[in-house]
$ cat entry_6.txt   # compact mmCIF, C-alpha atoms
# COMPACT_ATOMS: atom_id res chain seq x y z
CA MET V 4 0.00 0.00 0.00
CA ARG V 5 1.13 3.52 -0.74
CA HIS V 6 1.75 5.92 2.14
CA VAL V 7 1.63 9.67 1.56
CA ASP V 8 3.85 11.88 3.69
CA PHE V 9 1.95 14.99 4.83
CA SER V 10 4.80 16.42 6.93
CA PRO V 11 5.64 19.26 4.47
CA LEU V 12 2.05 20.43 4.71
CA TYR V 13 2.15 20.52 8.52
CA ARG V 14 4.78 23.28 8.30
CA SER V 15 2.64 25.62 6.23
CA THR V 16 -0.80 25.05 7.78
CA VAL V 17 -2.19 25.65 11.22
CA GLY V 18 -5.07 23.67 12.66
CA PHE V 19 -5.45 21.15 9.83
CA ASP V 20 -3.59 18.30 11.55
CA ARG V 21 -6.85 16.38 12.15
CA LEU V 22 -7.64 16.60 8.43
CA PHE V 23 -4.26 15.15 7.46
CA THR V 24 -4.60 12.37 10.05
CA MET V 25 -7.99 11.44 8.60
CA LEU V 26 -6.60 11.47 5.06
CA ASP V 27 -3.72 9.29 6.16
CA SER V 28 -6.08 6.78 7.78
CA LEU V 29 -8.12 6.48 4.57
CA GLY V 30 -5.23 4.73 2.91
CA GLN V 31 -5.40 1.91 5.46
CA PRO V 32 -9.04 0.86 5.81
CA ASP V 33 -9.88 -1.45 8.68
CA GLN V 34 -11.72 -4.40 7.20
CA SER V 35 -12.77 -5.77 10.61
CA GLN V 36 -15.09 -2.81 11.33
CA THR V 37 -18.35 -4.34 10.10
CA TYR V 38 -19.88 -5.25 13.47
CA PRO V 39 -22.22 -3.92 14.72
CA PRO V 40 -24.08 -2.40 11.76
CA TYR V 41 -25.16 1.23 12.12
CA ASN V 42 -27.02 4.08 10.43
CA ILE V 43 -26.28 7.80 10.55
CA GLU V 44 -29.22 10.04 9.74
CA ARG V 45 -29.96 13.73 9.74
CA THR V 46 -33.14 14.32 11.74
CA GLY V 47 -33.32 18.11 11.52
CA GLU V 48 -31.51 21.29 10.54
CA SER V 49 -28.73 20.71 13.09
CA THR V 50 -29.64 17.35 14.69
CA TYR V 51 -28.31 13.91 13.84
CA ARG V 52 -28.88 10.36 15.06
CA ILE V 53 -26.60 7.34 15.09
CA THR V 54 -28.48 4.04 15.34
CA MET V 55 -26.55 0.86 16.08
CA ALA V 56 -27.92 -2.70 16.04
CA VAL V 57 -26.72 -4.13 19.36
CA ALA V 58 -29.11 -7.06 19.82
CA GLY V 59 -28.32 -9.11 22.91
CA PHE V 60 -26.61 -6.26 24.81
CA ASP V 61 -28.23 -4.42 27.70
CA GLU V 62 -27.43 -0.99 29.16
CA SER V 63 -24.87 -2.33 31.64
CA GLU V 64 -22.81 -3.95 28.86
CA LEU V 65 -22.60 -0.82 26.68
CA SER V 66 -20.53 2.32 27.25
CA ILE V 67 -20.51 5.59 25.31
CA GLU V 68 -17.65 8.06 25.62
CA ALA V 69 -16.97 11.37 23.87
CA ARG V 70 -13.43 12.76 23.89
CA GLU V 71 -11.70 15.26 21.59
CA HIS V 72 -14.01 15.03 18.55
CA THR V 73 -14.29 11.23 18.84
CA LEU V 74 -17.37 9.29 19.93
CA THR V 75 -16.55 5.77 21.12
CA VAL V 76 -19.19 3.09 21.66
CA LYS V 77 -18.01 -0.10 23.39
CA GLY V 78 -19.87 -3.30 24.07
CA GLU V 79 -18.59 -6.10 26.29
CA LYS V 80 -20.78 -9.15 26.66
CA GLY V 81 -20.72 -10.88 30.03
CA GLU V 82 -20.39 -14.64 30.30
CA ASP V 83 -23.53 -16.73 30.94
CA LYS V 84 -22.40 -18.68 33.99
CA GLY V 85 -25.82 -19.93 35.06
CA THR V 86 -26.63 -21.98 31.95
CA ASP V 87 -25.21 -25.37 31.13
CA SER V 88 -26.37 -25.63 27.53
CA HIS V 89 -24.58 -26.83 24.43
CA PHE V 90 -25.19 -24.93 21.23
CA LEU V 91 -25.77 -26.86 18.04
CA TYR V 92 -25.43 -23.60 16.08
CA ARG V 93 -24.49 -20.15 17.39
CA GLY V 94 -25.50 -17.40 14.95
CA ILE V 95 -25.90 -14.59 17.49
CA ALA V 96 -22.55 -12.94 18.10
CA LYS V 97 -21.42 -12.56 21.69
CA ARG V 98 -18.25 -10.73 20.81
CA ALA V 99 -17.07 -7.45 22.22
CA PHE V 100 -16.87 -4.45 19.93
CA GLU V 101 -15.56 -0.92 19.83
CA ARG V 102 -16.85 1.53 17.22
CA ARG V 103 -15.42 5.06 16.81
CA PHE V 104 -17.03 8.01 15.06
CA GLN V 105 -15.25 11.27 14.20
CA LEU V 106 -17.40 14.24 15.25
CA ALA V 107 -17.27 17.65 13.63
CA ASP V 108 -16.59 20.79 15.63
CA HIS V 109 -19.39 21.95 17.95
CA VAL V 110 -21.24 18.58 17.89
CA GLU V 111 -22.54 17.51 21.30
CA ILE V 112 -24.23 14.32 22.42
CA GLN V 113 -27.79 15.06 23.54
CA SER V 114 -29.01 11.61 24.65
CA ALA V 115 -28.67 7.87 24.20
CA SER V 116 -31.37 5.23 24.45
CA LEU V 117 -31.63 1.48 23.96
CA LYS V 118 -34.89 0.10 22.61
CA ASN V 119 -35.66 -3.20 20.85
CA GLY V 120 -31.98 -4.00 20.35
CA LEU V 121 -31.20 -0.62 18.75
CA LEU V 122 -28.94 1.93 20.41
CA HIS V 123 -29.95 5.49 19.44
CA ILE V 124 -27.46 8.31 20.02
CA ASP V 125 -28.86 11.80 19.35
CA LEU V 126 -26.39 14.54 18.41
CA LEU V 127 -26.76 18.31 18.15
CA ARG V 128 -24.51 20.66 16.20
CA GLU V 129 -24.64 24.03 17.88
CA ILE V 130 -22.39 26.65 16.34
CA PRO V 131 -21.58 29.53 18.72
CA GLU V 132 -22.41 33.06 17.63
CA ALA V 133 -18.73 33.98 17.35
CA ALA V 134 -18.17 31.21 14.78
CA LYS V 135 -21.26 31.92 12.66
CA PRO V 136 -20.81 33.94 9.47
CA ARG V 137 -21.87 37.55 9.75
CA ARG V 138 -22.63 40.22 7.20
CA ILE V 139 -20.33 43.24 7.03
CA ASP V 140 -21.87 46.38 5.56
CA ILE V 141 -19.75 48.27 3.05
CA VAL V 142 -19.59 51.99 3.58
CA ALA V 143 -18.88 54.17 0.53
CA ALA V 144 -15.67 56.09 1.01
CA GLN V 145 -15.50 59.73 -0.01
CA SER V 146 -13.10 60.31 -2.87
CA ALA V 147 -11.88 63.79 -1.96
CA PRO V 148 -12.33 65.87 1.14
CA LYS V 149 -14.99 68.49 0.80
CA GLN V 150 -13.86 72.11 0.91
CA ILE V 151 -15.74 74.33 3.26
CA GLU V 152 -16.53 77.77 1.89
CA ALA V 153 -16.37 80.59 4.32
CA THR V 154 -17.90 83.99 4.00
CA GLN V 155 -16.54 86.93 5.82
CA ILE V 156 -18.96 89.06 7.75
CA GLU V 157 -17.94 92.62 8.17
CA ALA V 158 -18.62 94.14 11.49
CA ALA V 159 -20.86 97.10 11.39
CA ALA V 160 -19.18 100.28 12.52
CA ASN V 161 -20.93 102.25 15.28

$ encode --input "entry_6.txt" --output "structure tokens"
Amino acid sequence: MRHVDFSPLYRSTVGFDRLFTMLDSLGQPDQSQTYPPYNIERTGESTYRITMAVAGFDESELSIEAREHTLTVKGEKGEDKGTDSHFLYRGIAKRAFERRFQLADHVEIQSASLKNGLLHIDLLREIPEAAKPRRIDIVAAQSAPKQIEATQIEAAAN
């Protein structure tokens, strides 16, 4: 596989190191990241939802963590110690997983819920007023300074 060196670009840019890291990671896709399946949907103007199929997991076996623009969802299945059964076929996965999502700036996690084997994570992108674009009015500049005309008033003699 080909590896691109982004180090010359680091010297001439400020604040784009996350972008170059993401571009670098695209060259090495992780083929094992297919479990659990998930959807990402836009539910409103600035709201999003991640839905993951985590059948067989309950709330105590799942953990959600947000740190530095990365959302991490982990699932660790506990062992069934009380049952003494032998499976003829095991099609339901009991494996642990860790799924990471890169979040954009100003995206916050609103809530998470587990219902019918689906984990729903609701996200909100709230851009602060200082970061929003604003309109700057253009004022017409005067080309030459205006000359003030003065008239002389003669004082009346007594």

$ closest_atom_pairs --input "entry_6.txt" --of "region 45-88 of chain V" --to "region 108-130 of chain V" --cutoff "6 Å" --atoms "all atoms listed in the file" --output "tab-separated table"
residue	atom	partner	partner_atom	distance
V:Ser49	CA	V:Arg128	CA	5.2
V:Thr50	CA	V:Leu127	CA	4.6
V:Tyr51	CA	V:Leu126	CA	5.0
V:Arg52	CA	V:Asp125	CA	4.5
V:Ile53	CA	V:Ile124	CA	5.1
V:Thr54	CA	V:His123	CA	4.6
V:Met55	CA	V:Leu122	CA	5.1
V:Ala56	CA	V:Leu121	CA	4.7
V:Val57	CA	V:Gly120	CA	5.4
V:Ala58	CA	V:Gly120	CA	4.2

$ closest_residue --input "entry_6.txt" --among "V:Thr46, V:Glu157, V:Thr37, V:Lys97" --to "Glu64 (chain V)" --atoms "only C-alpha atoms"
V:Lys97

$ atom_distance --input "entry_6.txt" --atom1 "CA of Ser66 (chain V)" --atom2 "CA of Glu48 (chain V)"
27.6 Å

$ atom_distance --input "entry_6.txt" --atom1 "CA of Leu91 (chain V)" --atom2 "CA of Glu79 (chain V)"
23.5 Å

$ residues_around --input "entry_6.txt" --residues "region 73-76 of chain V" --least-positions-apart "5" --cutoff "7 Å" --atoms "all atoms listed in the file" --output "short mmCIF file (atom, residue, chain, number, x, y, z; two decimals) with C-alpha atoms, in the coordinates of the input"
data_model
loop_
_atom_site.label_atom_id
_atom_site.label_comp_id
_atom_site.auth_asym_id
_atom_site.auth_seq_id
_atom_site.Cartn_x
_atom_site.Cartn_y
_atom_site.Cartn_z
CA SER V 66 -20.53 2.32 27.25
CA ILE V 67 -20.51 5.59 25.31
CA GLU V 68 -17.65 8.06 25.62
CA GLU V 101 -15.56 -0.92 19.83
CA ARG V 102 -16.85 1.53 17.22
CA ARG V 103 -15.42 5.06 16.81
CA PHE V 104 -17.03 8.01 15.06
CA GLN V 105 -15.25 11.27 14.20
CA LEU V 106 -17.40 14.24 15.25
#

$ atom_distance --input "entry_6.txt" --atom1 "CA of Phe60 (chain V)" --atom2 "CA of Lys80 (chain V)"
6.8 Å

$ closest_residue --input "entry_6.txt" --among "V:Ala99, V:Ile139, V:Ile43, V:Ala153" --to "Gly59 (chain V)" --atoms "all atoms listed in the file"
V:Ala99
